[in-house]
Amino acid sequence: MKMAAMVLFSGSRGFAPLVILLAIGTPACAHSGDTAGGFLAGFAHPLFGPDHVVAMVAVGLWGAFLRQPAIWLLPIVFPLVMAFGGVLGIAGVPIPSVETGIAASAIVLGAMVALAARPPLWTAVVLVGVFAIFHGYAHGRELPGGADPAAFAAGFVIATGTLHLCGIALGLLARWPAGQLAVRAAGAAIALIGAVYLGGLV
Amino acid sequence: LFSVLAGFAEGMMLAVAPAPLLAIVAIGLLAGQGGRSGLIPALFALGMLAGSLAIALAMRETPSVLVLLATAASVGVTVAAAIVVPPFPVNGLAFATGAALALNAPPQAIGIPAAIASQIGTGIAATAALVLVASMAAGADRPWQRIGVRVLGSWIAASAILVLALRLAR
């Protein structure tokens, strides 16, 4: 995460101090909850769900493939809509087939990259937004009540964003013909992983 | 002297607890994005002073953490969408956030000097963090840097919305 953040914010007027500030944010003892543990647990949360990981990478990959403005719009839209899904999960609003939706997100987004699909921007935003609700819902249901919830939420949102950045970085290879092939192959692999997960759910 | 220093350090740590930090970074990004990195920290510090005075006047427990999270969520969305907000609401928000932050960080120290040192520590740390973020966001003049500011805004909003929902659901 820190490496990706440093890469993103390096420069003459770099954001490195801000990243450091966010990374060292710690609790006062008076505010109960294990903040460091909460942050790390939150950060690790999406990383230990391969279906989440591939779908997040696919969002970044597809954004990079679609180029401006999708390359930055999709990673901005996803966390916001994911939070809305998280609220539904926390509130206990029933959403059917959440795991199926998550697996489907990997299949569809991976396929979009593999097929080099370039739909209108609004279609891409709506598609990514719909899948973000499933991911957010799953996260929202699993938000811990005991540990510092702010640290946990910040951790997993940053991890999610970092996975998007990884996808974007990989997707930038699409500028070259050989890289485009590699990116499309990665999309196909993501779709395949999603299909395997979906098969396991059925 | 040790208790005063300990109180000061404790106060500084209160300012960088996750929920206050989300609000500080959000306000800082908004201030920097709108090119108002000078006035906002001053109003924020003034708000903190008002909040500290309220604590000194033995104000009861307030839902200040909810205010901080709601601020982080709404301001984060505003930053992510790059919405230009008129100065008056932003100024008011900065003042209110400062006050809420001070109210959210009541000193744990028993002695009065240590308690005052704790409040001063919170004020210095929070204002310094705000100035740092605001100045960096104001200096983000390259396109990818401005996008970075918007992405950070969306992350802050998402985190704050989730925690706010969790707190309200309890």
# chains A, B, ... in the order shown; residues from 1 in each chain; ligands from 1
$ select_by_dssp --residues "stretch 7-139 of chain B" --states "alpha helix (DSSP H)" --output "mmCIF file with N, CA and C atoms, in the first residue's frame"
data_model
loop_
_atom_site.group_PDB
_atom_site.id
_atom_site.type_symbol
_atom_site.label_atom_id
_atom_site.label_comp_id
_atom_site.auth_asym_id
_atom_site.auth_seq_id
_atom_site.Cartn_x
_atom_site.Cartn_y
_atom_site.Cartn_z
ATOM 1 N N GLY B 7 0.193 15.001 29.347
ATOM 2 C CA GLY B 7 -1.105 15.509 28.896
ATOM 3 C C GLY B 7 -1.016 16.096 27.497
ATOM 4 N N PHE B 8 0.070 16.821 27.237
ATOM 5 C CA PHE B 8 0.270 17.418 25.914
ATOM 6 C C PHE B 8 0.358 16.325 24.844
ATOM 7 N N ALA B 9 1.168 15.295 25.137
ATOM 8 C CA ALA B 9 1.330 14.193 24.178
ATOM 9 C C ALA B 9 0.010 13.465 23.964
ATOM 10 N N GLU B 10 -0.711 13.261 25.065
ATOM 11 C CA GLU B 10 -2.010 12.583 24.958
ATOM 12 C C GLU B 10 -2.965 13.391 24.084
ATOM 13 N N GLY B 11 -2.944 14.694 24.273
ATOM 14 C CA GLY B 11 -3.794 15.568 23.462
ATOM 15 C C GLY B 11 -3.455 15.491 21.989
ATOM 16 N N MET B 12 -2.155 15.428 21.693
ATOM 17 C CA MET B 12 -1.739 15.323 20.285
ATOM 18 C C MET B 12 -2.254 14.026 19.668
ATOM 19 N N MET B 13 -2.192 12.949 20.450
ATOM 20 C CA MET B 13 -2.653 11.660 19.930
ATOM 21 C C MET B 13 -4.161 11.657 19.697
ATOM 22 N N LEU B 14 -4.898 12.394 20.554
ATOM 23 C CA LEU B 14 -6.355 12.467 20.367
ATOM 24 C C LEU B 14 -6.722 13.071 19.013
ATOM 25 N N ALA B 15 -5.880 13.990 18.552
ATOM 26 C CA ALA B 15 -6.174 14.662 17.276
ATOM 27 C C ALA B 15 -5.992 13.739 16.087
ATOM 28 N N PRO B 18 -8.518 7.923 14.397
ATOM 29 C CA PRO B 18 -9.068 7.772 13.039
ATOM 30 C C PRO B 18 -10.219 8.701 12.681
ATOM 31 N N ALA B 19 -11.243 8.779 13.529
ATOM 32 C CA ALA B 19 -12.417 9.587 13.153
ATOM 33 C C ALA B 19 -12.065 11.074 13.019
ATOM 34 N N PRO B 20 -11.372 11.673 13.993
ATOM 35 C CA PRO B 20 -10.968 13.075 13.798
ATOM 36 C C PRO B 20 -10.050 13.261 12.593
ATOM 37 N N LEU B 21 -9.167 12.294 12.376
ATOM 38 C CA LEU B 21 -8.219 12.425 11.259
ATOM 39 C C LEU B 21 -8.949 12.433 9.916
ATOM 40 N N LEU B 22 -10.003 11.618 9.811
ATOM 41 C CA LEU B 22 -10.789 11.613 8.567
ATOM 42 C C LEU B 22 -11.367 13.002 8.306
ATOM 43 N N ALA B 23 -11.903 13.623 9.370
ATOM 44 C CA ALA B 23 -12.503 14.954 9.209
ATOM 45 C C ALA B 23 -11.433 15.998 8.895
ATOM 46 N N ILE B 24 -10.299 15.909 9.571
ATOM 47 C CA ILE B 24 -9.221 16.886 9.342
ATOM 48 C C ILE B 24 -8.734 16.806 7.899
ATOM 49 N N VAL B 25 -8.471 15.591 7.433
ATOM 50 C CA VAL B 25 -7.956 15.432 6.067
ATOM 51 C C VAL B 25 -9.007 15.896 5.051
ATOM 52 N N ALA B 26 -10.279 15.570 5.328
ATOM 53 C CA ALA B 26 -11.344 15.983 4.402
ATOM 54 C C ALA B 26 -11.415 17.509 4.300
ATOM 55 N N ILE B 27 -11.428 18.182 5.440
ATOM 56 C CA ILE B 27 -11.497 19.652 5.431
ATOM 57 C C ILE B 27 -10.243 20.235 4.771
ATOM 58 N N GLY B 28 -9.103 19.626 5.055
ATOM 59 C CA GLY B 28 -7.855 20.097 4.455
ATOM 60 C C GLY B 28 -7.872 19.967 2.940
ATOM 61 N N LEU B 29 -8.371 18.841 2.453
ATOM 62 C CA LEU B 29 -8.462 18.645 1.001
ATOM 63 C C LEU B 29 -9.414 19.661 0.371
ATOM 64 N N LEU B 30 -10.544 19.893 1.053
ATOM 65 C CA LEU B 30 -11.519 20.861 0.528
ATOM 66 C C LEU B 30 -10.912 22.255 0.491
ATOM 67 N N ALA B 31 -10.213 22.611 1.559
ATOM 68 C CA ALA B 31 -9.591 23.939 1.620
ATOM 69 C C ALA B 31 -8.548 24.086 0.520
ATOM 70 N N GLY B 32 -7.717 23.059 0.359
ATOM 71 C CA GLY B 32 -6.669 23.123 -0.652
ATOM 72 C C GLY B 32 -7.231 23.111 -2.057
ATOM 73 N N GLN B 33 -8.252 22.283 -2.263
ATOM 74 C CA GLN B 33 -8.865 22.171 -3.585
ATOM 75 C C GLN B 33 -9.501 23.496 -4.010
ATOM 76 N N LEU B 39 -7.307 30.718 5.202
ATOM 77 C CA LEU B 39 -8.380 31.109 6.127
ATOM 78 C C LEU B 39 -8.955 29.899 6.874
ATOM 79 N N ILE B 40 -9.094 28.801 6.163
ATOM 80 C CA ILE B 40 -9.761 27.633 6.759
ATOM 81 C C ILE B 40 -9.055 27.154 8.038
ATOM 82 N N PRO B 41 -7.733 26.971 8.011
ATOM 83 C CA PRO B 41 -7.081 26.524 9.259
ATOM 84 C C PRO B 41 -7.283 27.508 10.410
ATOM 85 N N ALA B 42 -7.339 28.797 10.099
ATOM 86 C CA ALA B 42 -7.548 29.792 11.153
ATOM 87 C C ALA B 42 -8.930 29.630 11.776
ATOM 88 N N LEU B 43 -9.941 29.445 10.926
ATOM 89 C CA LEU B 43 -11.304 29.247 11.445
ATOM 90 C C LEU B 43 -11.418 27.930 12.192
ATOM 91 N N PHE B 44 -10.708 26.938 11.688
ATOM 92 C CA PHE B 44 -10.699 25.632 12.352
ATOM 93 C C PHE B 44 -10.110 25.770 13.761
ATOM 94 N N ALA B 45 -8.986 26.472 13.860
ATOM 95 C CA ALA B 45 -8.344 26.675 15.166
ATOM 96 C C ALA B 45 -9.262 27.462 16.096
ATOM 97 N N LEU B 46 -9.969 28.432 15.531
ATOM 98 C CA LEU B 46 -10.918 29.223 16.329
ATOM 99 C C LEU B 46 -12.041 28.319 16.848
ATOM 100 N N GLY B 47 -12.495 27.432 15.992
ATOM 101 C CA GLY B 47 -13.526 26.478 16.402
ATOM 102 C C GLY B 47 -13.028 25.576 17.519
ATOM 103 N N MET B 48 -11.777 25.159 17.412
ATOM 104 C CA MET B 48 -11.201 24.319 18.467
ATOM 105 C C MET B 48 -11.151 25.074 19.781
ATOM 106 N N LEU B 49 -10.833 26.340 19.698
ATOM 107 C CA LEU B 49 -10.784 27.169 20.906
ATOM 108 C C LEU B 49 -12.172 27.240 21.541
ATOM 109 N N ALA B 50 -13.177 27.428 20.688
ATOM 110 C CA ALA B 50 -14.559 27.493 21.189
ATOM 111 C C ALA B 50 -14.951 26.162 21.836
ATOM 112 N N GLY B 51 -14.563 25.061 21.196
ATOM 113 C CA GLY B 51 -14.872 23.747 21.754
ATOM 114 C C GLY B 51 -14.178 23.522 23.084
ATOM 115 N N SER B 52 -12.939 23.974 23.175
ATOM 116 C CA SER B 52 -12.187 23.825 24.423
ATOM 117 C C SER B 52 -12.831 24.641 25.537
ATOM 118 N N LEU B 53 -13.300 25.819 25.186
ATOM 119 C CA LEU B 53 -13.984 26.653 26.181
ATOM 120 C C LEU B 53 -15.263 25.966 26.661
ATOM 121 N N ALA B 54 -15.950 25.324 25.707
ATOM 122 C CA ALA B 54 -17.183 24.615 26.079
ATOM 123 C C ALA B 54 -16.874 23.481 27.053
ATOM 124 N N ILE B 55 -15.741 22.810 26.816
ATOM 125 C CA ILE B 55 -15.347 21.736 27.742
ATOM 126 C C ILE B 55 -15.015 22.328 29.106
ATOM 127 N N ALA B 56 -14.314 23.451 29.086
ATOM 128 C CA ALA B 56 -13.948 24.103 30.350
ATOM 129 C C ALA B 56 -15.195 24.523 31.126
ATOM 130 N N SER B 64 -20.278 14.601 19.175
ATOM 131 C CA SER B 64 -19.268 15.252 18.329
ATOM 132 C C SER B 64 -18.641 14.289 17.325
ATOM 133 N N VAL B 65 -18.501 13.025 17.720
ATOM 134 C CA VAL B 65 -17.881 12.080 16.785
ATOM 135 C C VAL B 65 -18.769 11.867 15.559
ATOM 136 N N LEU B 66 -20.094 11.921 15.786
ATOM 137 C CA LEU B 66 -21.010 11.787 14.650
ATOM 138 C C LEU B 66 -20.891 13.002 13.727
ATOM 139 N N VAL B 67 -20.700 14.163 14.331
ATOM 140 C CA VAL B 67 -20.516 15.388 13.532
ATOM 141 C C VAL B 67 -19.239 15.272 12.707
ATOM 142 N N LEU B 68 -18.175 14.768 13.340
ATOM 143 C CA LEU B 68 -16.903 14.621 12.619
ATOM 144 C C LEU B 68 -17.046 13.650 11.446
ATOM 145 N N LEU B 69 -17.724 12.529 11.701
ATOM 146 C CA LEU B 69 -17.881 11.532 10.642
ATOM 147 C C LEU B 69 -18.793 12.043 9.525
ATOM 148 N N ALA B 70 -19.862 12.726 9.919
ATOM 149 C CA ALA B 70 -20.771 13.283 8.904
ATOM 150 C C ALA B 70 -20.044 14.331 8.071
ATOM 151 N N THR B 71 -19.210 15.112 8.738
ATOM 152 C CA THR B 71 -18.425 16.115 8.011
ATOM 153 C C THR B 71 -17.472 15.434 7.036
ATOM 154 N N ALA B 72 -16.769 14.410 7.530
ATOM 155 C CA ALA B 72 -15.815 13.698 6.670
ATOM 156 C C ALA B 72 -16.529 13.093 5.470
ATOM 157 N N ALA B 73 -17.717 12.528 5.707
ATOM 158 C CA ALA B 73 -18.460 11.888 4.617
ATOM 159 C C ALA B 73 -18.906 12.916 3.579
ATOM 160 N N SER B 74 -19.530 13.989 4.052
ATOM 161 C CA SER B 74 -20.072 14.971 3.098
ATOM 162 C C SER B 74 -18.958 15.737 2.387
ATOM 163 N N VAL B 75 -17.938 16.102 3.135
ATOM 164 C CA VAL B 75 -16.834 16.842 2.513
ATOM 165 C C VAL B 75 -16.048 15.921 1.576
ATOM 166 N N GLY B 76 -15.899 14.649 1.975
ATOM 167 C CA GLY B 76 -15.207 13.690 1.103
ATOM 168 C C GLY B 76 -15.906 13.546 -0.235
ATOM 169 N N VAL B 77 -17.231 13.452 -0.202
ATOM 170 C CA VAL B 77 -18.001 13.359 -1.459
ATOM 171 C C VAL B 77 -17.819 14.636 -2.279
ATOM 172 N N THR B 78 -17.837 15.769 -1.595
ATOM 173 C CA THR B 78 -17.670 17.058 -2.285
ATOM 174 C C THR B 78 -16.306 17.134 -2.967
ATOM 175 N N VAL B 79 -15.274 16.679 -2.262
ATOM 176 C CA VAL B 79 -13.918 16.693 -2.834
ATOM 177 C C VAL B 79 -13.839 15.714 -4.007
ATOM 178 N N ALA B 80 -14.419 14.523 -3.831
ATOM 179 C CA ALA B 80 -14.369 13.508 -4.891
ATOM 180 C C ALA B 80 -15.065 14.010 -6.157
ATOM 181 N N PRO B 87 -17.572 30.141 -0.270
ATOM 182 C CA PRO B 87 -16.741 30.279 0.934
ATOM 183 C C PRO B 87 -17.510 30.166 2.247
ATOM 184 N N PHE B 88 -18.707 30.759 2.317
ATOM 185 C CA PHE B 88 -19.396 30.833 3.605
ATOM 186 C C PHE B 88 -19.652 29.451 4.233
ATOM 187 N N PRO B 89 -20.253 28.507 3.479
ATOM 188 C CA PRO B 89 -20.468 27.187 4.094
ATOM 189 C C PRO B 89 -19.163 26.479 4.467
ATOM 190 N N VAL B 90 -18.144 26.674 3.645
ATOM 191 C CA VAL B 90 -16.860 26.014 3.949
ATOM 192 C C VAL B 90 -16.273 26.587 5.231
ATOM 193 N N ASN B 91 -16.355 27.904 5.374
ATOM 194 C CA ASN B 91 -15.837 28.544 6.586
ATOM 195 C C ASN B 91 -16.587 28.051 7.825
ATOM 196 N N GLY B 92 -17.906 27.997 7.699
ATOM 197 C CA GLY B 92 -18.715 27.523 8.818
ATOM 198 C C GLY B 92 -18.400 26.081 9.169
ATOM 199 N N LEU B 93 -18.195 25.289 8.130
ATOM 200 C CA LEU B 93 -17.877 23.874 8.331
ATOM 201 C C LEU B 93 -16.528 23.716 9.041
ATOM 202 N N ALA B 94 -15.573 24.537 8.647
ATOM 203 C CA ALA B 94 -14.247 24.463 9.278
ATOM 204 C C ALA B 94 -14.345 24.812 10.758
ATOM 205 N N PHE B 95 -15.113 25.847 11.062
ATOM 206 C CA PHE B 95 -15.288 26.253 12.464
ATOM 207 C C PHE B 95 -15.986 25.142 13.254
ATOM 208 N N ALA B 96 -17.073 24.606 12.683
ATOM 209 C CA ALA B 96 -17.837 23.561 13.375
ATOM 210 C C ALA B 96 -17.000 22.312 13.571
ATOM 211 N N THR B 97 -16.189 21.969 12.577
ATOM 212 C CA THR B 97 -15.346 20.777 12.703
ATOM 213 C C THR B 97 -14.310 20.960 13.809
ATOM 214 N N GLY B 98 -13.737 22.157 13.872
ATOM 215 C CA GLY B 98 -12.779 22.439 14.947
ATOM 216 C C GLY B 98 -13.432 22.298 16.306
ATOM 217 N N ALA B 99 -14.628 22.854 16.439
ATOM 218 C CA ALA B 99 -15.339 22.767 17.719
ATOM 219 C C ALA B 99 -15.671 21.315 18.064
ATOM 220 N N ALA B 100 -16.144 20.576 17.055
ATOM 221 C CA ALA B 100 -16.500 19.164 17.288
ATOM 222 C C ALA B 100 -15.264 18.356 17.673
ATOM 223 N N LEU B 101 -14.149 18.674 17.050
ATOM 224 C CA LEU B 101 -12.920 17.927 17.352
ATOM 225 C C LEU B 101 -12.487 18.170 18.796
ATOM 226 N N ALA B 102 -12.569 19.424 19.225
ATOM 227 C CA ALA B 102 -12.199 19.730 20.613
ATOM 228 C C ALA B 102 -13.159 19.038 21.585
ATOM 229 N N LEU B 103 -14.440 19.051 21.259
ATOM 230 C CA LEU B 103 -15.431 18.408 22.134
ATOM 231 C C LEU B 103 -15.270 16.895 22.148
ATOM 232 N N ASN B 104 -14.721 16.358 21.043
ATOM 233 C CA ASN B 104 -14.518 14.909 20.954
ATOM 234 C C ASN B 104 -13.253 14.475 21.685
ATOM 235 N N ILE B 112 -5.555 20.183 36.408
ATOM 236 C CA ILE B 112 -5.959 21.234 35.466
ATOM 237 C C ILE B 112 -4.828 21.620 34.501
ATOM 238 N N PRO B 113 -3.590 21.798 34.995
ATOM 239 C CA PRO B 113 -2.513 22.141 34.037
ATOM 240 C C PRO B 113 -2.334 21.068 32.955
ATOM 241 N N ALA B 114 -2.401 19.801 33.369
ATOM 242 C CA ALA B 114 -2.242 18.714 32.390
ATOM 243 C C ALA B 114 -3.414 18.687 31.416
ATOM 244 N N ALA B 115 -4.613 19.000 31.927
ATOM 245 C CA ALA B 115 -5.796 19.020 31.059
ATOM 246 C C ALA B 115 -5.683 20.142 30.027
ATOM 247 N N ILE B 116 -5.199 21.287 30.486
ATOM 248 C CA ILE B 116 -5.015 22.412 29.551
ATOM 249 C C ILE B 116 -3.948 22.056 28.518
ATOM 250 N N ALA B 117 -2.863 21.413 28.993
ATOM 251 C CA ALA B 117 -1.794 21.003 28.065
ATOM 252 C C ALA B 117 -2.332 20.014 27.039
ATOM 253 N N SER B 118 -3.238 19.145 27.480
ATOM 254 C CA SER B 118 -3.839 18.164 26.575
ATOM 255 C C SER B 118 -4.642 18.866 25.477
ATOM 256 N N GLN B 119 -5.436 19.854 25.874
ATOM 257 C CA GLN B 119 -6.229 20.597 24.890
ATOM 258 C C GLN B 119 -5.331 21.358 23.912
ATOM 259 N N ILE B 120 -4.258 21.913 24.455
ATOM 260 C CA ILE B 120 -3.315 22.637 23.583
ATOM 261 C C ILE B 120 -2.664 21.658 22.604
ATOM 262 N N GLY B 121 -2.303 20.490 23.118
ATOM 263 C CA GLY B 121 -1.704 19.463 22.253
ATOM 264 C C GLY B 121 -2.634 19.061 21.127
ATOM 265 N N THR B 122 -3.901 18.861 21.481
ATOM 266 C CA THR B 122 -4.895 18.499 20.458
ATOM 267 C C THR B 122 -5.009 19.609 19.412
ATOM 268 N N GLY B 123 -5.065 20.833 19.898
ATOM 269 C CA GLY B 123 -5.213 21.971 18.991
ATOM 270 C C GLY B 123 -4.034 22.112 18.050
ATOM 271 N N ILE B 124 -2.838 21.985 18.591
ATOM 272 C CA ILE B 124 -1.638 22.145 17.756
ATOM 273 C C ILE B 124 -1.546 21.022 16.724
ATOM 274 N N ALA B 125 -1.741 19.784 17.186
ATOM 275 C CA ALA B 125 -1.618 18.645 16.267
ATOM 276 C C ALA B 125 -2.672 18.708 15.162
ATOM 277 N N ALA B 126 -3.908 19.012 15.557
ATOM 278 C CA ALA B 126 -4.997 19.026 14.568
ATOM 279 C C ALA B 126 -4.801 20.156 13.564
ATOM 280 N N THR B 127 -4.447 21.330 14.062
ATOM 281 C CA THR B 127 -4.268 22.467 13.148
ATOM 282 C C THR B 127 -3.060 22.250 12.239
ATOM 283 N N ALA B 128 -1.987 21.697 12.807
ATOM 284 C CA ALA B 128 -0.801 21.430 11.986
ATOM 285 C C ALA B 128 -1.122 20.425 10.885
ATOM 286 N N ALA B 129 -1.880 19.378 11.256
ATOM 287 C CA ALA B 129 -2.255 18.370 10.256
ATOM 288 C C ALA B 129 -3.115 19.002 9.169
ATOM 289 N N LEU B 130 -4.046 19.865 9.583
ATOM 290 C CA LEU B 130 -4.921 20.530 8.612
ATOM 291 C C LEU B 130 -4.118 21.424 7.667
ATOM 292 N N VAL B 131 -3.206 22.190 8.231
ATOM 293 C CA VAL B 131 -2.376 23.077 7.405
ATOM 294 C C VAL B 131 -1.556 22.260 6.419
ATOM 295 N N LEU B 132 -1.001 21.152 6.910
ATOM 296 C CA LEU B 132 -0.180 20.282 6.049
ATOM 297 C C LEU B 132 -0.992 19.754 4.867
ATOM 298 N N VAL B 133 -2.165 19.210 5.179
ATOM 299 C CA VAL B 133 -3.007 18.637 4.121
ATOM 300 C C VAL B 133 -3.481 19.721 3.156
ATOM 301 N N ALA B 134 -3.932 20.842 3.723
ATOM 302 C CA ALA B 134 -4.454 21.921 2.878
ATOM 303 C C ALA B 134 -3.373 22.478 1.954
ATOM 304 N N SER B 135 -2.166 22.636 2.476
ATOM 305 C CA SER B 135 -1.107 23.202 1.637
ATOM 306 C C SER B 135 -0.697 22.216 0.543
ATOM 307 N N MET B 136 -0.703 20.938 0.881
ATOM 308 C CA MET B 136 -0.359 19.945 -0.156
ATOM 309 C C MET B 136 -1.444 19.866 -1.219
ATOM 310 N N ALA B 137 -2.716 19.914 -0.776
ATOM 311 C CA ALA B 137 -3.813 19.870 -1.751
ATOM 312 C C ALA B 137 -3.812 21.129 -2.615
ATOM 313 N N ALA B 138 -3.472 22.262 -2.014
ATOM 314 C CA ALA B 138 -3.412 23.512 -2.781
ATOM 315 C C ALA B 138 -2.283 23.463 -3.798
#
$ residues_around --residues "stretch 90-98 of chain A" --least-positions-apart "4" --cutoff "9 Å" --atoms "only C-alpha atoms" --output "short mmCIF file (atom, residue, chain, number, x, y, z; two decimals) with C-alpha atoms, in the first residue's frame"
data_model
loop_
_atom_site.label_atom_id
_atom_site.label_comp_id
_atom_site.auth_asym_id
_atom_site.auth_seq_id
_atom_site.Cartn_x
_atom_site.Cartn_y
_atom_site.Cartn_z
CA GLY A 85 -23.68 -1.10 -0.20
CA GLY A 86 -21.91 -1.28 3.15
CA ILE A 102 -19.34 -10.74 -6.29
CA ALA A 103 -18.32 -13.71 -8.41
CA PHE A 134 -22.43 -6.34 -3.66
CA HIS A 135 -18.83 -5.89 -2.51
CA TYR A 137 -22.69 -5.20 1.28
CA ALA A 138 -20.39 -8.12 2.04
CA HIS A 139 -17.91 -5.82 3.77
CA GLY A 140 -20.66 -4.04 5.69
CA ARG A 141 -21.99 -7.32 7.06
CA GLU A 142 -18.51 -8.18 8.33
CA LEU A 143 -17.56 -4.83 9.88
CA LEU B 162 -19.39 3.09 6.80
CA ALA B 165 -23.67 3.75 9.59
CA LEU B 166 -22.11 1.35 12.07
CA ALA B 169 -26.95 1.09 13.75
#
$ closest_atom_pairs --of "stretch 122-187 of chain A" --to "stretch 79-84 of chain A" --cutoff "7 Å" --atoms "only C-alpha atoms" --output "tab-separated table"
residue	atom	partner	partner_atom	distance
A:Gly129	CA	A:Val81	CA	5.8
A:Ala132	CA	A:Met82	CA	4.6
A:Ile133	CA	A:Met82	CA	5.1
A:His135	CA	A:Met82	CA	6.4
A:Gly136	CA	A:Met82	CA	4.1
A:Val157	CA	A:Pro79	CA	6.9
$ write_last_selection --atoms "N, CA and C atoms" --output "PDB file, in the first residue's frame"
ATOM      1  N   GLY A 129     -20.706   0.395 -10.532  1.00  0.00           N
ATOM      2  CA  GLY A 129     -21.457   0.804  -9.349  1.00  0.00           C
ATOM      3  C   GLY A 129     -22.347  -0.314  -8.819  1.00  0.00           C
ATOM      4  N   ALA A 132     -20.255  -2.763  -7.127  1.00  0.00           N
ATOM      5  CA  ALA A 132     -19.708  -2.201  -5.884  1.00  0.00           C
ATOM      6  C   ALA A 132     -20.682  -2.390  -4.727  1.00  0.00           C
ATOM      7  N   ILE A 133     -21.978  -2.374  -5.033  1.00  0.00           N
ATOM      8  CA  ILE A 133     -22.973  -2.571  -3.974  1.00  0.00           C
ATOM      9  C   ILE A 133     -22.816  -3.966  -3.357  1.00  0.00           C
ATOM     10  N   HIS A 135     -20.082  -5.846  -3.287  1.00  0.00           N
ATOM     11  CA  HIS A 135     -18.835  -5.891  -2.512  1.00  0.00           C
ATOM     12  C   HIS A 135     -18.995  -5.133  -1.190  1.00  0.00           C
ATOM     13  N   GLY A 136     -19.605  -3.950  -1.266  1.00  0.00           N
ATOM     14  CA  GLY A 136     -19.801  -3.144  -0.063  1.00  0.00           C
ATOM     15  C   GLY A 136     -20.713  -3.845   0.927  1.00  0.00           C
ATOM     16  N   VAL A 157     -10.946   0.268   2.936  1.00  0.00           N
ATOM     17  CA  VAL A 157     -11.164   1.171   1.790  1.00  0.00           C
ATOM     18  C   VAL A 157      -9.827   1.459   1.102  1.00  0.00           C
TER      19      VAL A 157
END
$ residues_around --residues "A:Ala106" --least-positions-apart "4" --cutoff "12 Å" --atoms "only C-alpha atoms" --output "PyMOL selection string"
chain A and resi 50-59+61-62+99-102+110-114+127-128+131-132+134-135+186-198
$ atom_distance --atom1 "atom CA of A:Leu109" --atom2 "atom CA of A:Gly179"
18.3 Å
$ closest_residue --among "B:Leu164, B:Leu57, B:Val85, B:Ala6" --to "chain A" --atoms "only C-alpha atoms"
B:Leu164
